[in-house]
Amino acid sequence: MHCACFPSMASINVALCITALLLSLASPKAEGARAFYIFGDSLVDSGNNNYLATEARADLPPYGIDFPTHRPTGRFSNGLNIPDLIGERIGTGMILPYLSPQLTGQRLVEGANFASAGIGVLNDTGIQFASIIRIYRQLEFFQEYQRRLAAVVGTEQAQSRVNQAVVLITLGGNDFVNNYFLPGSIRRLQFTIPNYVRYVLSEYRKVLLRLHELGARRILVTGTGPIGCVPGELASQGSRNGECAAGPTQAANLYNPQLTQMLRELNSQVGSNAFIASNTGRMLNDFVNNPRAYGFTTSKLACCGQGPYNGLGLCTTASNLCPNRDVYVFWDAFHPTERANRFIVREMMLGSVDYMSPMNLSTIMALDGF
């Protein structure tokens, strides 16, 4: 910031310049950064499940081993997750979980993370995890959040911040790995894989339209990852030589392009580019197919876990733990390492239309004046 001070009004101008400079340095979030809201599952949960009676938690070591505090936070990662890294890029920093008692005042104004590990698009996804925040409950919390925000900044300003916010939603993977492909799944008796994909997307469409009704206007919607190739599926599906599991791979290959097409249709329906398709499946497939090109040594083994491919159960202090997380694509049975997340977020920010459609997040920020 440049401020000219003239000798004839030295004392006044110096004081004004110092005040203006301090304000410009101390309150970039209040004036410049847009709000950031996160919905979805364990890929983006930053600790809401710590406050719930559920086994779907990441609140014990070695989760968080590479986090700045080196302590578990509820993130299903060795360090930072995708919302943290997007926050670094767009200036919001780390957004607090909605259930955190620290989410007040300026932290409330910056945004909120409503995500909860274990959930899916469908209400019966993750029933084995008991008390988790299902997606329509997350949307109810978003309504409650807006009332709380209005009490801090006023109704008009609250609505403006919600309309201008970046919104990230990550759903779908659990509807396959923690529902359809579970042993004894009722859904598998009801649907073929192609029909189930269409059903999940038809329900997801309702979720996304409701999110738009609640004021979201820039919504990044991630596809599902290469769910047939994650260590958890390699282990549970009995992969012998690291080949990806056929059923989940078929599901992901059907789901992701149909999701992108659905988002194009929704944009036509609402009359703007409100929905942005983030092809995280393709991003992760790049690592899975050629890990060494990205500095990884393996995309088959989880860094932390037990059993074949370290893909069974949760990561605990009793698990096998790799010494160098940076050379693994996967931290645990299902979740990428921080380093893999950094590559994903880089593509979200700068990727071509093959990865981000119709535009990447840097383009959105520039178009929207941020």
# chains A, B, ... in the order shown; residues from 1 in each chain; ligands from 1
$ residues_around --residues "Gly79 (chain A)" --least-positions-apart "4" --cutoff "7 Å" --atoms "only C-alpha atoms" --output "ChimeraX atom specification"
/A:64-67,338
$ residues_around --residues "Thr224 (chain A)" --least-positions-apart "3" --cutoff "12 Å" --atoms "only C-alpha atoms" --output "ChimeraX atom specification"
/A:40-41,43,120-121,169-177,197,201,221,227-230,248-260,277-285,334-335
$ select_by_dssp --residues "region 303-337 of chain A" --states "strand (DSSP E or B)" --output "ChimeraX atom specification"
/A:304-306,312,320-321,328-330,336
$ write_last_selection --atoms "N, CA, C and O atoms" --output "mmCIF file, in the first residue's frame"
data_model
loop_
_atom_site.group_PDB
_atom_site.id
_atom_site.type_symbol
_atom_site.label_atom_id
_atom_site.label_comp_id
_atom_site.auth_asym_id
_atom_site.auth_seq_id
_atom_site.Cartn_x
_atom_site.Cartn_y
_atom_site.Cartn_z
ATOM 1 N N CYS A 304 0.125 -45.768 6.369
ATOM 2 C CA CYS A 304 -0.257 -46.199 7.716
ATOM 3 C C CYS A 304 -1.413 -47.181 7.636
ATOM 4 O O CYS A 304 -2.451 -46.871 7.041
ATOM 5 N N GLY A 305 -1.235 -48.355 8.235
ATOM 6 C CA GLY A 305 -2.298 -49.347 8.223
ATOM 7 C C GLY A 305 -1.764 -50.730 8.523
ATOM 8 O O GLY A 305 -0.644 -50.887 9.008
ATOM 9 N N GLN A 306 -2.545 -51.731 8.199
ATOM 10 C CA GLN A 306 -2.160 -53.108 8.442
ATOM 11 C C GLN A 306 -2.825 -53.989 7.390
ATOM 12 O O GLN A 306 -3.728 -53.559 6.693
ATOM 13 N N LEU A 312 -6.274 -52.434 5.592
ATOM 14 C CA LEU A 312 -7.353 -52.899 6.458
ATOM 15 C C LEU A 312 -7.433 -52.060 7.725
ATOM 16 O O LEU A 312 -6.417 -51.799 8.375
ATOM 17 N N ASN A 320 1.412 -50.360 10.961
ATOM 18 C CA ASN A 320 2.651 -50.077 10.240
ATOM 19 C C ASN A 320 2.637 -48.602 9.855
ATOM 20 O O ASN A 320 1.610 -48.074 9.437
ATOM 21 N N LEU A 321 3.768 -47.932 10.000
ATOM 22 C CA LEU A 321 3.857 -46.501 9.685
ATOM 23 C C LEU A 321 5.119 -46.239 8.886
ATOM 24 O O LEU A 321 6.228 -46.556 9.334
ATOM 25 N N TYR A 328 4.498 -41.431 -0.515
ATOM 26 C CA TYR A 328 3.287 -42.250 -0.606
ATOM 27 C C TYR A 328 2.134 -41.407 -1.130
ATOM 28 O O TYR A 328 1.920 -40.275 -0.676
ATOM 29 N N VAL A 329 1.356 -41.950 -2.051
ATOM 30 C CA VAL A 329 0.141 -41.277 -2.513
ATOM 31 C C VAL A 329 -0.921 -41.321 -1.421
ATOM 32 O O VAL A 329 -1.605 -40.330 -1.157
ATOM 33 N N PHE A 330 -1.039 -42.493 -0.750
ATOM 34 C CA PHE A 330 -2.103 -42.678 0.233
ATOM 35 C C PHE A 330 -1.544 -42.719 1.645
ATOM 36 O O PHE A 330 -0.587 -43.444 1.935
ATOM 37 N N PRO A 336 -5.642 -39.545 0.733
ATOM 38 C CA PRO A 336 -4.317 -39.155 0.250
ATOM 39 C C PRO A 336 -3.460 -38.506 1.333
ATOM 40 O O PRO A 336 -3.970 -37.988 2.333
#
$ residues_around --residues "Ala150 (chain A)" --least-positions-apart "2" --cutoff "12 Å" --atoms "only C-alpha atoms" --output "PDB file with N, CA and C atoms, in the first residue's frame"
ATOM      1  N   GLY A 105     -17.240 -14.887  16.232  1.00  0.00           N
ATOM      2  CA  GLY A 105     -16.615 -13.634  15.820  1.00  0.00           C
ATOM      3  C   GLY A 105     -16.021 -13.696  14.428  1.00  0.00           C
ATOM      4  N   LEU A 108     -15.996 -17.009  12.547  1.00  0.00           N
ATOM      5  CA  LEU A 108     -17.300 -17.328  11.958  1.00  0.00           C
ATOM      6  C   LEU A 108     -17.465 -16.619  10.619  1.00  0.00           C
ATOM      7  N   VAL A 109     -17.010 -15.373  10.547  1.00  0.00           N
ATOM      8  CA  VAL A 109     -17.131 -14.589   9.324  1.00  0.00           C
ATOM      9  C   VAL A 109     -16.307 -15.205   8.191  1.00  0.00           C
ATOM     10  N   GLN A 143     -27.914 -23.269   7.212  1.00  0.00           N
ATOM     11  CA  GLN A 143     -28.963 -22.284   7.484  1.00  0.00           C
ATOM     12  C   GLN A 143     -28.778 -21.660   8.865  1.00  0.00           C
ATOM     13  N   GLU A 144     -28.498 -22.493   9.842  1.00  0.00           N
ATOM     14  CA  GLU A 144     -28.251 -22.002  11.201  1.00  0.00           C
ATOM     15  C   GLU A 144     -27.039 -21.088  11.226  1.00  0.00           C
ATOM     16  N   TYR A 145     -25.990 -21.463  10.497  1.00  0.00           N
ATOM     17  CA  TYR A 145     -24.787 -20.635  10.394  1.00  0.00           C
ATOM     18  C   TYR A 145     -25.130 -19.250   9.856  1.00  0.00           C
ATOM     19  N   GLN A 146     -25.963 -19.186   8.830  1.00  0.00           N
ATOM     20  CA  GLN A 146     -26.296 -17.892   8.239  1.00  0.00           C
ATOM     21  C   GLN A 146     -27.022 -16.985   9.233  1.00  0.00           C
ATOM     22  N   ARG A 147     -27.832 -17.570  10.077  1.00  0.00           N
ATOM     23  CA  ARG A 147     -28.479 -16.771  11.128  1.00  0.00           C
ATOM     24  C   ARG A 147     -27.431 -16.255  12.120  1.00  0.00           C
ATOM     25  N   ARG A 148     -26.491 -17.098  12.471  1.00  0.00           N
ATOM     26  CA  ARG A 148     -25.412 -16.671  13.382  1.00  0.00           C
ATOM     27  C   ARG A 148     -24.555 -15.587  12.735  1.00  0.00           C
ATOM     28  N   VAL A 152     -23.765 -11.245  13.554  1.00  0.00           N
ATOM     29  CA  VAL A 152     -22.438 -10.627  13.691  1.00  0.00           C
ATOM     30  C   VAL A 152     -22.263  -9.460  12.729  1.00  0.00           C
ATOM     31  N   VAL A 153     -22.666  -9.649  11.457  1.00  0.00           N
ATOM     32  CA  VAL A 153     -22.367  -8.641  10.439  1.00  0.00           C
ATOM     33  C   VAL A 153     -23.610  -7.984   9.848  1.00  0.00           C
ATOM     34  N   GLY A 154     -24.781  -8.411  10.244  1.00  0.00           N
ATOM     35  CA  GLY A 154     -26.019  -7.876   9.681  1.00  0.00           C
ATOM     36  C   GLY A 154     -26.531  -8.760   8.550  1.00  0.00           C
ATOM     37  N   THR A 155     -27.830  -8.714   8.303  1.00  0.00           N
ATOM     38  CA  THR A 155     -28.468  -9.608   7.338  1.00  0.00           C
ATOM     39  C   THR A 155     -27.958  -9.388   5.915  1.00  0.00           C
ATOM     40  N   GLU A 156     -27.862  -8.125   5.503  1.00  0.00           N
ATOM     41  CA  GLU A 156     -27.445  -7.833   4.131  1.00  0.00           C
ATOM     42  C   GLU A 156     -26.013  -8.281   3.881  1.00  0.00           C
ATOM     43  N   GLN A 157     -25.110  -7.982   4.804  1.00  0.00           N
ATOM     44  CA  GLN A 157     -23.713  -8.377   4.654  1.00  0.00           C
ATOM     45  C   GLN A 157     -23.561  -9.898   4.719  1.00  0.00           C
ATOM     46  N   ALA A 158     -24.345 -10.546   5.558  1.00  0.00           N
ATOM     47  CA  ALA A 158     -24.305 -12.005   5.655  1.00  0.00           C
ATOM     48  C   ALA A 158     -24.691 -12.643   4.327  1.00  0.00           C
ATOM     49  N   GLN A 159     -25.763 -12.150   3.724  1.00  0.00           N
ATOM     50  CA  GLN A 159     -26.203 -12.691   2.441  1.00  0.00           C
ATOM     51  C   GLN A 159     -25.151 -12.474   1.367  1.00  0.00           C
ATOM     52  N   SER A 160     -24.515 -11.308   1.392  1.00  0.00           N
ATOM     53  CA  SER A 160     -23.471 -11.003   0.417  1.00  0.00           C
ATOM     54  C   SER A 160     -22.291 -11.939   0.563  1.00  0.00           C
ATOM     55  N   ARG A 161     -21.882 -12.196   1.800  1.00  0.00           N
ATOM     56  CA  ARG A 161     -20.733 -13.086   2.015  1.00  0.00           C
ATOM     57  C   ARG A 161     -21.054 -14.509   1.562  1.00  0.00           C
ATOM     58  N   VAL A 162     -22.251 -14.964   1.815  1.00  0.00           N
ATOM     59  CA  VAL A 162     -22.637 -16.311   1.375  1.00  0.00           C
ATOM     60  C   VAL A 162     -22.660 -16.374  -0.156  1.00  0.00           C
TER      61      VAL A 162
END
$ atom_distance --atom1 "CA of Gln102 (chain A)" --atom2 "CA of Phe39 (chain A)"
18.7 Å
$ residues_around --residues "Asn163 (chain A)" --least-positions-apart "2" --cutoff "12 Å" --atoms "only C-alpha atoms" --output "VMD selection string"
chain A and resid 34 to 37 146 156 to 161 165 to 167 211 to 219 274 368
$ decode --residues "region 154-187 of chain A" --atoms "C-alpha atoms" --output "PDB file, in the first residue's frame"
ATOM      1  CA  GLY A 154     -26.019  -7.876   9.681  1.00  0.00           C
ATOM      2  CA  THR A 155     -28.468  -9.608   7.338  1.00  0.00           C
ATOM      3  CA  GLU A 156     -27.445  -7.833   4.131  1.00  0.00           C
ATOM      4  CA  GLN A 157     -23.713  -8.377   4.654  1.00  0.00           C
ATOM      5  CA  ALA A 158     -24.305 -12.005   5.655  1.00  0.00           C
ATOM      6  CA  GLN A 159     -26.203 -12.691   2.441  1.00  0.00           C
ATOM      7  CA  SER A 160     -23.471 -11.003   0.417  1.00  0.00           C
ATOM      8  CA  ARG A 161     -20.733 -13.086   2.015  1.00  0.00           C
ATOM      9  CA  VAL A 162     -22.637 -16.311   1.375  1.00  0.00           C
ATOM     10  CA  ASN A 163     -23.317 -15.366  -2.271  1.00  0.00           C
ATOM     11  CA  GLN A 164     -19.649 -14.457  -2.846  1.00  0.00           C
ATOM     12  CA  ALA A 165     -18.193 -17.444  -1.015  1.00  0.00           C
ATOM     13  CA  VAL A 166     -16.183 -20.326  -2.402  1.00  0.00           C
ATOM     14  CA  VAL A 167     -18.027 -23.551  -1.587  1.00  0.00           C
ATOM     15  CA  LEU A 168     -16.465 -27.019  -1.761  1.00  0.00           C
ATOM     16  CA  ILE A 169     -18.536 -30.206  -1.661  1.00  0.00           C
ATOM     17  CA  THR A 170     -17.074 -33.717  -1.748  1.00  0.00           C
ATOM     18  CA  LEU A 171     -19.541 -36.605  -1.820  1.00  0.00           C
ATOM     19  CA  GLY A 172     -20.071 -39.910  -3.586  1.00  0.00           C
ATOM     20  CA  GLY A 173     -17.145 -42.153  -2.708  1.00  0.00           C
ATOM     21  CA  ASN A 174     -18.766 -43.520   0.436  1.00  0.00           C
ATOM     22  CA  ASP A 175     -21.942 -44.355  -1.463  1.00  0.00           C
ATOM     23  CA  PHE A 176     -19.832 -47.004  -3.166  1.00  0.00           C
ATOM     24  CA  VAL A 177     -17.143 -48.147  -0.695  1.00  0.00           C
ATOM     25  CA  ASN A 178     -19.293 -47.799   2.438  1.00  0.00           C
ATOM     26  CA  ASN A 179     -22.587 -48.856   0.895  1.00  0.00           C
ATOM     27  CA  TYR A 180     -22.912 -50.588  -2.476  1.00  0.00           C
ATOM     28  CA  PHE A 181     -19.707 -52.653  -2.309  1.00  0.00           C
ATOM     29  CA  LEU A 182     -20.016 -53.660   1.353  1.00  0.00           C
ATOM     30  CA  PRO A 183     -20.649 -57.375   1.902  1.00  0.00           C
ATOM     31  CA  GLY A 184     -24.396 -58.049   2.075  1.00  0.00           C
ATOM     32  CA  SER A 185     -25.354 -54.624   0.721  1.00  0.00           C
ATOM     33  CA  ILE A 186     -29.083 -54.278   0.061  1.00  0.00           C
ATOM     34  CA  ARG A 187     -28.330 -51.673  -2.596  1.00  0.00           C
TER      35      ARG A 187
END
